Every structure is written in structure tokens, then in C-alpha cells.
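Trainee: Take a look at structure_13.cif, mmCIF, C-alpha atoms:
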```
data_my_file
loop_
_atom_site.label_atom_id
_atom_site.label_comp_id
_atom_site.auth_asym_id
_atom_site.auth_seq_id
_atom_site.Cartn_x
_atom_site.Cartn_y
_atom_site.Cartn_z
CA MET A 29 7.84 14.98 -15.54
CA ASN A 30 11.27 14.10 -14.12
CA ILE A 31 11.41 11.08 -16.43
CA ILE A 32 10.69 13.28 -19.45
CA ASN A 33 13.35 15.78 -18.37
CA ALA A 34 15.87 12.97 -17.92
CA VAL A 35 15.09 11.64 -21.39
CA SER A 36 15.21 15.09 -22.94
CA ASP A 37 18.62 15.76 -21.40
CA SER A 38 19.96 12.77 -23.31
CA ILE A 39 18.53 14.04 -26.61
CA ILE A 40 21.26 16.48 -27.49
CA VAL A 41 23.35 16.96 -30.53
CA VAL A 42 26.71 15.25 -30.13
CA LYS A 43 29.38 17.94 -30.10
CA PRO A 44 32.86 16.88 -31.15
CA ASN A 45 35.56 17.28 -28.48
CA GLN A 46 39.23 17.61 -29.22
CA ASP A 47 39.88 13.88 -29.32
CA VAL A 48 37.02 13.40 -31.77
CA VAL A 49 38.32 16.28 -33.87
CA ASN A 50 41.76 14.73 -34.01
CA MET A 51 40.33 11.35 -34.98
CA SER A 52 38.12 13.02 -37.56
CA ASN A 53 41.02 14.95 -39.07
CA THR A 54 43.01 11.76 -39.33
CA ALA A 55 40.09 9.95 -41.00
CA ILE A 56 39.41 12.82 -43.40
CA LYS A 57 43.11 13.04 -44.27
CA ALA A 58 43.08 9.33 -45.09
CA VAL A 59 39.94 9.79 -47.21
CA ASN A 60 41.55 12.73 -49.04
CA GLU A 61 44.63 10.71 -49.84
CA GLY A 62 42.51 7.82 -51.03
CA LEU A 63 40.41 10.04 -53.30
CA LYS A 64 43.49 11.71 -54.73
CA SER A 65 45.07 8.33 -55.36
CA ILE A 66 42.21 7.40 -57.68
CA GLY A 67 42.71 10.62 -59.64
CA MET A 68 39.95 12.89 -58.24
CA ASN A 69 40.44 16.62 -58.59
CA ALA A 70 41.68 18.36 -55.41
CA ALA A 71 38.72 20.79 -55.41
CA TRP A 72 36.24 17.91 -55.54
CA VAL A 73 38.20 16.05 -52.89
CA ASP A 74 37.70 18.90 -50.37
CA LYS A 75 33.97 18.92 -51.07
CA SER A 76 33.49 15.15 -51.00
CA ASP A 77 35.60 13.96 -48.08
CA ASN A 78 32.87 14.56 -45.45
CA ILE A 79 30.23 12.80 -47.54
CA VAL A 80 32.52 9.85 -48.27
CA LEU A 81 33.33 9.51 -44.55
CA LEU A 82 29.63 9.74 -43.71
CA ILE A 83 28.84 6.98 -46.21
CA PHE A 84 31.63 4.87 -44.72
CA ILE A 85 30.20 5.37 -41.21
CA ILE A 86 26.71 4.39 -42.41
CA LEU A 87 28.03 1.27 -44.15
CA LEU A 88 30.03 0.33 -41.05
CA ALA A 89 26.97 0.84 -38.84
CA PHE A 90 24.75 -1.33 -41.02
CA PHE A 91 27.50 -3.96 -41.16
CA ALA A 92 27.47 -4.00 -37.36
CA ASN A 93 23.69 -4.31 -37.49
CA PHE A 94 24.03 -7.24 -39.90
CA ILE A 95 26.49 -8.99 -37.58
CA CYS A 96 24.20 -8.39 -34.63
CA HIS A 97 21.19 -9.71 -36.51
CA ARG A 98 22.88 -12.76 -38.00
CA VAL A 99 25.23 -13.77 -35.20
CA VAL A 100 24.29 -12.29 -31.84
CA LEU A 101 20.53 -12.72 -32.16
CA LYS A 102 20.80 -16.26 -33.47
CA THR A 103 23.12 -17.12 -30.59
CA ILE A 104 20.66 -15.71 -28.05
CA ALA A 105 17.75 -17.52 -29.70
CA LYS A 106 19.69 -20.80 -29.64
CA ILE A 107 20.53 -20.41 -25.94
CA VAL A 108 16.93 -19.54 -25.07
CA SER A 109 15.54 -22.50 -26.98
CA HIS A 110 17.56 -24.91 -24.82
CA THR A 111 16.21 -23.62 -21.51
CA LYS A 112 13.31 -25.33 -19.73
CA ALA A 113 11.49 -22.09 -18.95
CA LYS A 114 8.83 -20.88 -21.37
CA TRP A 115 8.82 -17.19 -20.47
CA ASP A 116 12.26 -16.52 -21.97
CA ASP A 117 11.10 -17.97 -25.31
CA ILE A 118 8.41 -15.28 -25.37
CA LEU A 119 10.54 -12.44 -23.96
CA PHE A 120 13.39 -13.13 -26.40
CA SER A 121 11.15 -13.85 -29.36
CA ASP A 122 12.11 -12.92 -32.92
CA ASP A 123 9.93 -9.81 -32.79
CA VAL A 124 11.71 -8.40 -29.70
CA LEU A 125 15.21 -9.28 -30.86
CA VAL A 126 14.70 -7.82 -34.34
CA HIS A 127 13.47 -4.53 -32.89
CA ALA A 128 16.48 -4.52 -30.54
CA SER A 129 18.91 -5.09 -33.43
CA HIS A 130 17.42 -2.15 -35.32
CA LEU A 131 18.77 0.15 -32.60
CA VAL A 132 22.40 -0.74 -33.34
CA ALA A 133 22.84 1.12 -36.64
CA PRO A 134 21.22 4.48 -35.72
CA ILE A 135 23.03 4.62 -32.35
CA LEU A 136 26.42 3.98 -33.99
CA ILE A 137 25.70 6.57 -36.69
CA TYR A 138 24.58 9.09 -34.05
CA ILE A 139 27.78 8.57 -32.05
CA ALA A 140 30.10 8.66 -35.11
CA LEU A 141 28.50 11.66 -36.88
CA PRO A 142 30.91 14.23 -35.32
CA MET A 143 33.80 12.41 -36.99
CA ALA A 144 32.33 13.20 -40.40
CA PHE A 145 31.63 16.87 -39.61
CA PRO A 146 34.22 18.07 -37.08
CA GLY A 147 34.55 21.74 -38.03
CA THR A 148 32.42 24.62 -36.81
CA GLU A 149 31.51 25.38 -40.41
CA ASN A 150 29.69 22.03 -40.53
CA HIS A 151 27.84 22.51 -37.24
CA SER A 152 24.44 23.14 -38.89
CA VAL A 153 24.78 20.00 -41.02
CA LEU A 154 25.88 17.96 -38.01
CA GLU A 155 22.96 19.28 -35.96
CA PHE A 156 20.43 18.52 -38.70
CA LEU A 157 21.68 14.97 -39.25
CA SER A 158 21.95 14.32 -35.52
CA ARG A 159 18.36 15.34 -34.97
CA LEU A 160 17.13 13.15 -37.81
CA CYS A 161 19.13 10.26 -36.41
CA MET A 162 17.69 10.85 -32.91
CA VAL A 163 14.14 10.90 -34.31
CA TYR A 164 14.78 7.51 -35.89
CA ILE A 165 16.23 6.19 -32.61
CA ILE A 166 13.11 7.32 -30.74
CA LEU A 167 10.82 5.64 -33.28
CA VAL A 168 12.73 2.36 -33.10
CA SER A 169 12.88 2.57 -29.28
CA VAL A 170 9.11 3.00 -29.07
CA SER A 171 8.64 -0.03 -31.32
CA PHE A 172 11.11 -2.01 -29.20
CA ILE A 173 9.32 -1.13 -25.94
CA SER A 174 5.98 -1.99 -27.56
CA SER A 175 7.26 -5.43 -28.56
CA ILE A 176 8.53 -6.01 -24.99
CA LEU A 177 5.07 -5.11 -23.62
CA ASN A 178 3.52 -7.59 -26.05
CA SER A 179 5.90 -10.25 -24.77
CA PHE A 180 5.03 -9.52 -21.14
CA TYR A 181 1.35 -9.73 -22.05
CA ASN A 182 1.88 -13.12 -23.69
CA ILE A 183 3.86 -14.29 -20.63
CA PHE A 184 1.05 -13.29 -18.27
CA MET A 185 -1.48 -15.03 -20.51
CA GLN A 186 0.46 -18.26 -19.98
CA MET A 187 -0.06 -18.01 -16.21
CA GLU A 188 -3.25 -19.55 -14.87
CA GLN A 189 -3.94 -16.76 -12.36
CA PHE A 190 -3.78 -14.08 -15.08
CA LYS A 191 -5.19 -16.10 -17.97
CA ASN A 192 -8.68 -14.61 -17.92
CA ARG A 193 -7.81 -11.15 -16.62
CA PRO A 194 -8.35 -8.10 -18.88
CA ILE A 195 -4.60 -7.35 -18.96
CA ASN A 196 -4.81 -6.30 -22.59
CA GLY A 197 -6.46 -3.03 -21.56
CA PHE A 198 -3.60 -2.19 -19.18
CA VAL A 199 -1.02 -2.98 -21.86
CA GLN A 200 -2.81 -0.74 -24.32
CA ILE A 201 -2.90 2.23 -21.95
CA ILE A 202 0.85 1.84 -21.26
CA LYS A 203 1.47 1.71 -25.02
CA LEU A 204 -0.62 4.83 -25.47
CA LEU A 205 1.47 6.68 -22.88
CA ILE A 206 4.69 5.51 -24.52
CA TYR A 207 3.50 6.61 -27.96
CA PHE A 208 2.48 9.97 -26.52
CA LEU A 209 5.88 10.37 -24.87
CA GLY A 210 7.59 9.37 -28.13
CA VAL A 211 5.65 11.98 -30.11
CA ILE A 212 6.55 14.67 -27.55
CA LEU A 213 10.25 13.73 -27.69
CA ILE A 214 10.27 13.69 -31.49
CA ILE A 215 8.62 17.10 -31.73
CA SER A 216 10.95 18.57 -29.10
CA THR A 217 13.96 17.15 -30.95
CA LEU A 218 12.90 18.57 -34.32
CA ILE A 219 12.04 22.07 -33.05
CA ASN A 220 14.84 22.13 -30.45
CA LYS A 221 12.50 22.78 -27.54
CA SER A 222 12.31 21.19 -24.12
CA PRO A 223 9.64 18.46 -23.77
CA THR A 224 8.62 20.10 -20.51
CA ALA A 225 7.82 23.31 -22.35
CA LEU A 226 5.71 21.36 -24.85
CA LEU A 227 3.77 19.62 -22.08
CA THR A 228 3.21 22.94 -20.34
CA GLY A 229 1.77 24.30 -23.55
CA LEU A 230 -0.43 21.22 -23.87
CA GLY A 231 -1.84 21.95 -20.43
CA ALA A 232 -3.89 24.72 -21.96
CA SER A 233 -5.35 22.17 -24.35
CA ALA A 234 -6.15 19.63 -21.64
CA ALA A 235 -9.88 19.93 -22.26
CA ILE A 236 -9.41 19.08 -25.93
CA LEU A 237 -7.16 16.15 -25.06
CA MET A 238 -9.73 14.87 -22.56
CA LEU A 239 -12.34 15.04 -25.30
CA VAL A 240 -10.13 13.27 -27.84
CA PHE A 241 -9.08 10.51 -25.43
CA LYS A 242 -12.39 10.33 -23.57
CA ASP A 243 -13.18 6.76 -24.61
CA SER A 244 -9.64 5.59 -23.82
CA ILE A 245 -9.63 7.21 -20.38
CA MET A 246 -13.09 5.91 -19.52
CA GLY A 247 -12.19 2.50 -20.90
CA PHE A 248 -9.02 2.38 -18.78
CA VAL A 249 -10.85 3.32 -15.59
CA SER A 250 -13.67 0.87 -16.36
CA GLY A 251 -11.15 -1.88 -17.10
CA ILE A 252 -9.61 -1.39 -13.64
CA GLN A 253 -13.06 -1.59 -12.03
CA LEU A 254 -14.04 -4.71 -14.00
CA SER A 255 -10.79 -6.43 -13.04
CA ALA A 256 -10.55 -5.27 -9.42
CA ASN A 257 -14.15 -6.24 -8.65
CA HIS A 258 -13.95 -9.53 -10.59
CA MET A 259 -16.96 -8.47 -12.64
CA LEU A 260 -15.75 -9.81 -15.97
CA LYS A 261 -13.01 -11.83 -17.60
CA VAL A 262 -12.32 -13.47 -20.93
CA GLY A 263 -14.38 -16.65 -21.32
CA ASP A 264 -17.33 -15.51 -19.20
CA TRP A 265 -20.84 -15.91 -20.54
CA ILE A 266 -22.59 -12.55 -20.22
CA THR A 267 -25.93 -11.13 -21.27
CA VAL A 268 -26.32 -7.41 -21.97
CA PRO A 269 -29.93 -6.92 -23.14
CA LYS A 270 -29.39 -3.23 -23.88
CA CYS A 271 -26.70 -4.07 -26.45
CA GLY A 272 -28.23 -7.31 -27.71
CA ALA A 273 -25.21 -9.27 -26.45
CA ASP A 274 -25.61 -12.85 -25.25
CA GLY A 275 -22.54 -15.05 -25.44
CA ASN A 276 -18.93 -15.55 -24.38
CA VAL A 277 -16.42 -12.72 -23.84
CA ILE A 278 -13.57 -13.26 -26.30
CA GLU A 279 -11.53 -10.10 -25.77
CA VAL A 280 -11.27 -7.21 -23.30
CA THR A 281 -9.33 -4.21 -24.63
CA LEU A 282 -8.94 -0.56 -23.70
CA ASN A 283 -11.96 0.63 -25.65
CA THR A 284 -14.03 -2.49 -26.29
CA VAL A 285 -15.33 -5.72 -24.83
CA LYS A 286 -16.00 -8.25 -27.60
CA VAL A 287 -18.75 -10.82 -27.08
CA ARG A 288 -19.25 -13.76 -29.42
CA ASN A 289 -23.00 -14.36 -29.40
CA TRP A 290 -24.54 -17.80 -29.69
CA ASP A 291 -25.48 -17.09 -33.31
CA GLU A 292 -21.74 -16.54 -33.99
CA THR A 293 -22.15 -12.79 -34.41
CA ILE A 294 -19.84 -10.49 -32.44
CA THR A 295 -21.10 -7.59 -30.34
CA THR A 296 -18.69 -4.82 -29.33
CA ILE A 297 -19.46 -3.05 -26.06
CA PRO A 298 -17.64 -0.07 -24.46
CA PRO A 299 -16.24 -1.16 -21.06
CA TYR A 300 -17.69 1.86 -19.26
CA LEU A 301 -21.18 0.75 -20.33
CA LEU A 302 -20.75 -2.48 -18.36
CA VAL A 303 -19.76 -0.48 -15.28
CA SER A 304 -22.44 2.20 -15.54
CA ASP A 305 -25.25 -0.16 -16.56
CA SER A 306 -26.32 -3.64 -15.46
CA PHE A 307 -25.46 -6.91 -17.16
CA ILE A 308 -25.76 -10.60 -16.32
CA ASN A 309 -22.64 -12.70 -15.82
CA TRP A 310 -23.45 -16.42 -15.89
CA GLU A 311 -20.03 -17.44 -14.56
CA GLY A 312 -21.50 -18.16 -11.13
CA MET A 313 -23.88 -20.65 -12.71
CA SER A 314 -21.02 -22.26 -14.64
CA GLN A 315 -19.02 -22.76 -11.44
CA SER A 316 -22.00 -24.02 -9.43
CA GLY A 317 -23.34 -27.56 -9.29
CA GLY A 318 -26.19 -27.01 -11.72
CA ARG A 319 -28.12 -24.82 -14.11
CA ARG A 320 -31.59 -23.75 -13.05
CA VAL A 321 -34.78 -24.90 -14.75
CA GLN A 322 -37.86 -22.85 -13.86
CA ARG A 323 -40.81 -23.58 -16.08
CA ALA A 324 -44.55 -23.92 -15.47
CA ILE A 325 -47.47 -25.74 -17.08
CA ASN A 326 -51.00 -24.33 -16.72
CA ILE A 327 -53.52 -26.86 -15.40
CA ASP A 328 -57.21 -26.45 -16.18
CA MET A 329 -58.83 -25.73 -12.79
CA ARG A 330 -62.01 -27.56 -13.80
CA SER A 331 -60.09 -30.84 -13.96
CA VAL A 332 -58.99 -30.71 -10.28
CA HIS A 333 -61.06 -32.97 -7.98
CA PHE A 334 -60.84 -35.41 -5.08
CA CYS A 335 -59.40 -38.85 -5.72
CA THR A 336 -61.81 -41.77 -5.80
CA GLN A 337 -60.89 -45.20 -4.50
CA GLU A 338 -60.42 -46.40 -8.07
CA MET A 339 -58.02 -43.56 -8.75
CA LEU A 340 -56.05 -44.31 -5.57
CA ASP A 341 -55.78 -47.97 -6.54
CA LYS A 342 -54.51 -46.90 -9.96
CA PHE A 343 -51.98 -44.44 -8.50
CA ARG A 344 -50.78 -47.10 -6.04
CA ARG A 345 -49.56 -49.18 -8.96
CA ILE A 346 -47.23 -46.35 -10.06
CA ALA A 347 -43.79 -47.24 -8.70
CA LEU A 348 -42.89 -43.69 -7.68
CA LEU A 349 -46.20 -43.22 -5.81
CA SER A 350 -46.94 -46.55 -4.09
CA ASP A 351 -45.27 -45.69 -0.77
CA TYR A 352 -46.67 -42.15 -0.80
CA ILE A 353 -50.26 -43.28 -1.50
CA ASP A 354 -50.18 -45.88 1.27
CA GLY A 355 -48.61 -43.56 3.80
CA MET A 356 -50.81 -40.57 3.02
CA GLN A 357 -53.99 -42.65 2.89
CA LYS A 358 -53.23 -44.13 6.30
CA GLU A 359 -52.58 -40.66 7.71
CA LEU A 360 -55.84 -39.28 6.32
CA THR A 361 -57.87 -42.30 7.43
CA ASP A 362 -56.53 -42.05 10.97
CA TYR A 363 -57.26 -38.33 11.06
CA ASN A 364 -60.81 -38.71 9.81
CA LYS A 365 -61.51 -41.51 12.32
CA LYS A 366 -60.08 -39.47 15.15
CA LYS A 367 -62.32 -36.55 14.23
CA ASN A 368 -65.36 -38.76 13.59
CA ILE A 369 -65.69 -37.43 10.06
CA ASP A 370 -68.83 -38.26 8.07
CA ASN A 371 -67.33 -39.59 4.81
CA SER A 372 -70.67 -39.53 3.03
CA VAL A 373 -70.05 -35.85 2.32
CA LEU A 374 -66.86 -35.20 0.36
CA VAL A 375 -66.20 -31.80 1.88
CA ASN A 376 -65.85 -33.34 5.31
CA GLY A 377 -62.41 -34.36 6.51
CA ARG A 378 -59.18 -34.54 4.61
CA ARG A 379 -58.89 -36.19 1.19
CA GLN A 380 -56.28 -36.52 -1.53
CA THR A 381 -56.68 -34.60 -4.78
CA ASN A 382 -55.47 -35.63 -8.19
CA LEU A 383 -53.43 -32.41 -8.43
CA GLY A 384 -51.74 -33.05 -5.07
CA VAL A 385 -50.85 -36.59 -6.10
CA PHE A 386 -49.58 -35.29 -9.42
CA ARG A 387 -47.32 -32.77 -7.65
CA THR A 388 -45.87 -35.55 -5.53
CA TYR A 389 -45.33 -37.69 -8.60
CA LEU A 390 -43.44 -34.90 -10.38
CA THR A 391 -41.25 -34.32 -7.31
CA GLU A 392 -40.35 -38.02 -7.08
CA TYR A 393 -39.87 -38.18 -10.83
CA LEU A 394 -37.34 -35.33 -10.75
CA LYS A 395 -35.49 -36.95 -7.86
CA SER A 396 -35.20 -40.17 -9.85
CA LEU A 397 -33.43 -38.50 -12.78
CA PRO A 398 -29.59 -38.71 -12.75
CA VAL A 399 -29.30 -35.39 -14.62
CA VAL A 400 -31.00 -33.49 -11.77
CA ASN A 401 -28.81 -32.18 -8.92
CA LYS A 402 -30.46 -33.40 -5.70
CA ASN A 403 -28.21 -31.21 -3.53
CA MET A 404 -29.73 -28.02 -4.89
CA THR A 405 -33.27 -26.65 -4.66
CA LEU A 406 -35.85 -29.05 -6.09
CA MET A 407 -39.60 -28.48 -5.82
CA VAL A 408 -42.88 -28.56 -7.70
CA ARG A 409 -45.14 -25.71 -6.64
CA GLN A 410 -48.39 -23.98 -7.50
CA LEU A 411 -48.32 -20.34 -8.50
CA GLN A 412 -51.14 -17.83 -8.29
CA PRO A 413 -54.12 -19.07 -10.35
CA THR A 414 -55.01 -16.88 -13.31
CA GLU A 415 -57.55 -16.80 -16.10
CA THR A 416 -55.35 -19.29 -17.93
CA GLY A 417 -55.47 -21.92 -15.17
CA ILE A 418 -53.22 -22.99 -12.31
CA PRO A 419 -49.50 -22.60 -13.12
CA LEU A 420 -47.72 -25.72 -11.86
CA GLN A 421 -44.03 -24.82 -11.77
CA LEU A 422 -41.11 -27.23 -11.86
CA TYR A 423 -38.10 -25.67 -10.13
CA PHE A 424 -34.85 -27.65 -10.14
CA PHE A 425 -31.23 -27.59 -11.29
CA SER A 426 -29.75 -29.60 -14.12
CA SER A 427 -26.32 -31.03 -13.33
CA ILE A 428 -25.47 -30.69 -17.03
CA LYS A 429 -24.93 -27.01 -17.89
CA LYS A 430 -23.89 -27.15 -21.53
CA TRP A 431 -26.55 -25.34 -23.54
CA GLU A 432 -27.46 -28.03 -26.08
CA LYS A 433 -27.77 -30.85 -23.53
CA TYR A 434 -29.46 -28.54 -21.03
CA GLU A 435 -32.22 -27.72 -23.51
CA ALA A 436 -32.58 -31.39 -24.42
CA ILE A 437 -33.00 -32.33 -20.75
CA GLN A 438 -35.74 -29.73 -20.31
CA ALA A 439 -37.52 -30.93 -23.43
CA ASP A 440 -37.39 -34.59 -22.34
CA ILE A 441 -38.76 -33.81 -18.88
CA PHE A 442 -41.65 -31.69 -20.11
CA ASP A 443 -42.44 -34.14 -22.89
CA HIS A 444 -42.99 -36.69 -20.15
CA VAL A 445 -44.96 -34.25 -17.99
CA LEU A 446 -47.35 -33.33 -20.80
CA ALA A 447 -47.85 -36.95 -21.74
CA ILE A 448 -48.54 -38.11 -18.17
CA ILE A 449 -51.02 -35.40 -17.13
CA PRO A 450 -54.17 -37.20 -18.47
CA GLU A 451 -53.26 -40.26 -16.38
CA PHE A 452 -54.08 -38.20 -13.28
CA GLY A 453 -57.44 -36.98 -14.58
CA LEU A 454 -56.03 -33.50 -15.25
CA ARG A 455 -56.09 -31.33 -18.34
CA VAL A 456 -53.61 -28.78 -19.61
CA PHE A 457 -55.13 -25.36 -20.16
CA GLN A 458 -54.94 -24.26 -23.78
CA ASN A 459 -56.82 -21.52 -25.58
CA PRO A 460 -59.42 -23.01 -27.95
CA ILE A 461 -58.56 -23.26 -31.64
CA GLY A 462 -60.65 -23.96 -34.72
CA GLU A 463 -60.71 -27.72 -34.18
CA ASP A 464 -62.16 -27.20 -30.70
CA PHE A 465 -65.09 -25.13 -32.04
CA LYS A 466 -65.85 -27.82 -34.64
CA GLN A 467 -66.56 -30.27 -31.82
CA TRP A 468 -69.32 -28.08 -30.37
CA PRO A 469 -72.83 -29.25 -31.35
CA ASP A 470 -74.76 -27.13 -33.81
CA LYS A 471 -77.93 -25.82 -32.06
CA ASN A 472 -79.66 -25.57 -35.41
#
```
Show how you would write the structure in this file as C-alpha cells.

Mentor:
Amino acid sequence: MNIINAVSDSIIVVKPNQDVVNMSNTAIKAVNEGLKSIGMNAAWVDKSDNIVLLIFIILLAFFANFICHRVVLKTIAKIVSHTKAKWDDILFSDDVLVHASHLVAPILIYIALPMAFPGTENHSVLEFLSRLCMVYIILVSVSFISSILNSFYNIFMQMEQFKNRPINGFVQIIKLLIYFLGVILIISTLINKSPTALLTGLGASAAILMLVFKDSIMGFVSGIQLSANHMLKVGDWITVPKCGADGNVIEVTLNTVKVRNWDETITTIPPYLLVSDSFINWEGMSQSGGRRVQRAINIDMRSVHFCTQEMLDKFRRIALLSDYIDGMQKELTDYNKKKNIDNSVLVNGRRQTNLGVFRTYLTEYLKSLPVVNKNMTLMVRQLQPTETGIPLQLYFFSSIKKWEKYEAIQADIFDHVLAIIPEFGLRVFQNPIGEDFKQWPDKN
């Protein structure tokens, strides 16, 4: 409120003092003599001298603006371009300097207006023109401040620590406050009322304002939460099932979070929805050593049985299993001898199964692949058997996380798994189709 009062105190109509009146009288006298010298009637001279002086002031102000734009700004731009720093190139960009130069003419006109209308009889005209000039100054000042904020935003985006922060939302809320302050100052200038009085009157309409700016307020608060808690930043891969979003965050603004989905569509999500509801951020996976693969194949339970000697001899010739078969077979043989197990009955003692050997093979196979991260969880496990067989799950992490290659790695591994299953005397469970029924013998 103190800032608004300080600004409002500066928005006053310039009142000519005695020195200004003397200068104005001298200028008007010179204008009168000039008009009379070109043959203008004395009555018209008295009516036109103020307008002619006003036109001269306007032309002089725009000439000063031209000099500033063509000389001063180019000089500044040339100096900035020769510095090693990058931030000054952004801060003193053409957009900022042009908006700054646009302030020169209206300020000069505002200051020089009393010279064109020094008398008390012209006070109403002076007041009207001064207020119009001040309104223009406020508009240009708001644009100038907005361009500076844009430059600061671009500077922060060049810094690595702020590169992926949702700073755009903060910049937008500051712009919104500046625009709101500018509107208040313009209205107070036009109706000659204190901005404080206007804001006091707006207090009664606070509920309406809260309703109008509800999304902006909620978006601002949510943006602070998302940033402070490191929940989201530009470039993150997020999944929001409720909104159908699955892709990379490309922009975080005051009212929206834009997500470019993998099908190249763009989903727009209100920031407060990400705070109030759950979403998945895959950034942790991207920064980790691998991307998880968790997929199961259903094994027909009727194909699980003990290994025969012929099967063990066959499995021993598999490079990934030779050491395991020898070691496990020795362990089981020693155990059975120690317990005096009668091997004529299969249920006695401990024996290897084709499914157990297959699980070991898959584990060793995954360890042998260079695209599998061995430092992260790697296992092949059985899940709860169901009416569709025994789910045999492969759980590991791919060291390659890029989507296309990640899917290709999964496909290659399970192609091999499906192809190798019959070699272990196992069958994949699959619901029967028409071709399966054709193979059944006809009882008739």
C-alpha cells in the first residue's frame, strides 16, 4: 500500500511556477512575433500561440526520442555486444531498450506542458492533457517493466541451476500484479482519485476478484509447491492417467502445465491438479542406473517334472548351465546318500526339476547380457499359480533407458525365452484356439 501511495503522489498535474510562467511567456511572445511576421491576423495569433507551442514541444520531444533511439541505444547495444558476459546481451536486448526509449517523449511532453498553458484560464486544458500524458507514461512503463521481467526470465533460463525450474509461473504472477497496479493507477489518474481509495473500494469486491482470479491464485500457489518440493520441472517425463497425459513436460506456466505426449499430442493440465491429485514422475528412473523390466510368462503346470539323466546330460552341454548342473547334482547326490534315500521312488530325496533348471538358465542368461544392469535387482521368480498356469516373472533393469531401445531389448529377451522353453521340456500356457480343436480326434 505504501508503494502505491508513493507512486500516486508522483502522479500529479504539473503546475507552472513563476519561473515556468516567465519562460512560457517568453516562448509565447516569440511564437506570436513569428506568427505575425508571416502575416497571420492578430486575433488568430492569440488563439493559436498555445497550440503552436504545444506542437513545437511535441516535435522536440519526438526528436529527442529519435536521437535516443538512433544514437544512445545503438551505442549501448554496441558496448554490450563487446562484453564477454551473456546476461547483459539479454538484459539490454532490443526489446528492453526500445521500450525504454518510448518513455523519453511522453516524459518530456509531460514536463514541458506548463510552458504551453501557463495561465489560470488554461488550467483545465493543462490538467486534461497532463492526465492523458501520464496515462501513456504508465502504459509504456508497464510494458518496459514487463520486458525487463522477460529478460530476467531468459537470464535465469541460461543458468544450469534454474534451467528446469518453473520460473515462468513466478514471472507471470509478478506481471499480473504489475498490470493490476497499472490499471489502478490509470483509473485513479483519469478520475482524479487516490489509488488507495480505489483499492479500499475493491476490498468489498474481494470475493468477486477471488472468483475471477481463482485459477491464477491456485496456479501460483501450486507452482510454489511444485518447485519447492522438487515435484516437477521442465523436461521431466510424467504420467497423469486422470488427464490422459504421458510424456515430457515442455512448459510450466501460471495456469497450465503442458505435456507433450509420446504420440506428439499436447495435454494441458492445471498445476493445482498435480498437487491435489497423484501423478507419476519418471525422472528418478531417468537419473538411476537402469529402467525396470517386470514381465511374466505363464508356464503350463502339466509340463513341470523331475529331470531325467538324459535331460541332465543335455542341460550340462549348455554353456550357461554346465557348472550349475555339476554343482547342484553333486550336492543332491551327497544329500541323498547321507540320508540313505531310496532312488527307486522319485518322490524320495531331492531332485532337480526342469522348471528349476530353466529358472537358473534365465538368471544366468540375463547376467550375460551387456544391456542388463548387474548392480541393480535381477531375479527370475515364480508368482502365485493361477488357472492360466505358473507365472514365471523376469525382474531386472535395462541399462538403456531410451524408450525405443528399451522396448527392443525387452522384445529380444522374450523372443529368446519363448523360443528356448521347449528345450527344457516345458510348455507355455495359451488358451486353445480353433487350430487346437482341429487336432482332437473325432469320436465318431

Trainee: List as a list in words the protein and nucleic acid residues near Gln421 in chain A, meaning an atom at most 9 Å away when only C-alpha atoms are counted, but skip any in the same chain fewer than 5 places from it.

Mentor: Gln322, Arg323, Ala324, Ile325, Asn326, Met407, Val408, Arg409, Gln410 and Leu411 of chain A

Trainee: Check what the PyMOL selection byres ((chain A and resi 214) around 10) selects in the file above and give those residues as a PyMOL selection string.

Mentor: chain A and resi 36+39+159-160+162-167+208-213+215-220+223

Trainee: Work out how far CA of Val199 in chain A is from CA of Asn178 in chain A, in Å to one decimal.

Mentor: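 It comes out at 7.7 Å.
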
Trainee: Applying 8 Å and all atoms listed in the file, which residues near Pro298 in chain A remain after dropping the ones on its own chain fewer than 6 positions away? List them as a list in words.

Mentor: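 Using all atoms listed in the file, the neighbours found are Gly247, Asn283, Thr284 and Val285 of chain A.
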
Trainee: In Å, how far is it from CA of Thr295 in chain A to CA of Ser179 in chain A?

Mentor: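 If I compute the distance from CA of Thr295 in chain A to CA of Ser179 in chain A, I get 27.7 Å.
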
Trainee: What separation in Å, quoted to one decimal, exists between CA of Lys429 in chain A and CA of Pro269 in chain A?

Mentor: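 Those two atoms sit 21.4 Å apart.
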
Trainee: If the PyMOL selection byres ((chain A and resi 425) around 10) were run on this exact file, what residues would it hold? Put them as a list in words.

Mentor: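 So the PyMOL selection byres ((chain A and resi 425) around 10) ends up selecting Gly317, Gly318, Arg319, Arg320, Val321, Gln322, Leu394, Val399, Val400, Asn401, Lys402, Asn403, Met404, Thr405, Leu406, Leu422, Tyr423, Phe424, Ser426, Ser427, Ile428, Lys429 and Tyr434 of chain A.
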
Trainee: Please list as a count of residues only every residue within 10 Å of Asn368 in chain A, counting all atoms listed in the file and excluding residues in the same chain fewer than 6 positions away.

Mentor: 3

Trainee: Of the candidates A:Thr267, A:Phe156, A:Phe94, A:Leu374, which shows the shortest atom-to-atom distance to His130 in chain A, using only C-alpha atoms?

Mentor: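 Smallest separation from His130 in chain A among the options: A:Phe94.
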
Trainee: Return the single residue from A:Ser331, A:Thr391, A:Ser396, A:Ser129 that is closest to Arg98 in chain A, with distances computed using only C-alpha atoms.

Mentor: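 Once distances to Arg98 in chain A are computed over only C-alpha atoms, the minimum belongs to A:Ser129.
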
Trainee: For the structure provided, state which residues fall under the PyMOL selection byres ((chain A and resi 327-330) around 7), and present them as a list in words.

Mentor: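 That selection, the PyMOL selection byres ((chain A and resi 327-330) around 7), comes back as Ile325, Asn326, Ser331, Val332, Gly417, Ile418, Pro419, Leu420, Arg455, Val456 and Phe457 of chain A.
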
Trainee: Just checking: using all atoms listed in the file, which residue out of A:Glu155, A:Cys271, A:Leu349, A:Ile369 ends up closest to Tyr393 in chain A?

Mentor: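 Distance minimum relative to Tyr393 in chain A lands on A:Leu349.
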
Trainee: Find, counting all atoms listed in the file, the residue in A:Leu390, A:Ile202, A:Ile137, A:Ser306 that gets nearest to Phe442 in chain A.

Mentor: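 Nearest candidate to Phe442 in chain A out of A:Leu390, A:Ile202, A:Ile137, A:Ser306: A:Leu390.
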
Trainee: Of the candidates A:Ile206, A:Leu348, A:Met356, A:Cys96, which one gets nearest to Glu392 in chain A if we count all atoms listed in the file?

Mentor: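 Smallest distance to Glu392 in chain A is found for A:Leu348.
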
Trainee: Using all atoms listed in the file, pick whichever of A:Ala89, A:Thr381, A:Lys221, A:Ile139 has the shortest atom-to-atom distance to Cys335 in chain A.

Mentor: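 Checking each of A:Ala89, A:Thr381, A:Lys221, A:Ile139 against Cys335 in chain A, counting all atoms listed in the file, the winner is A:Thr381.
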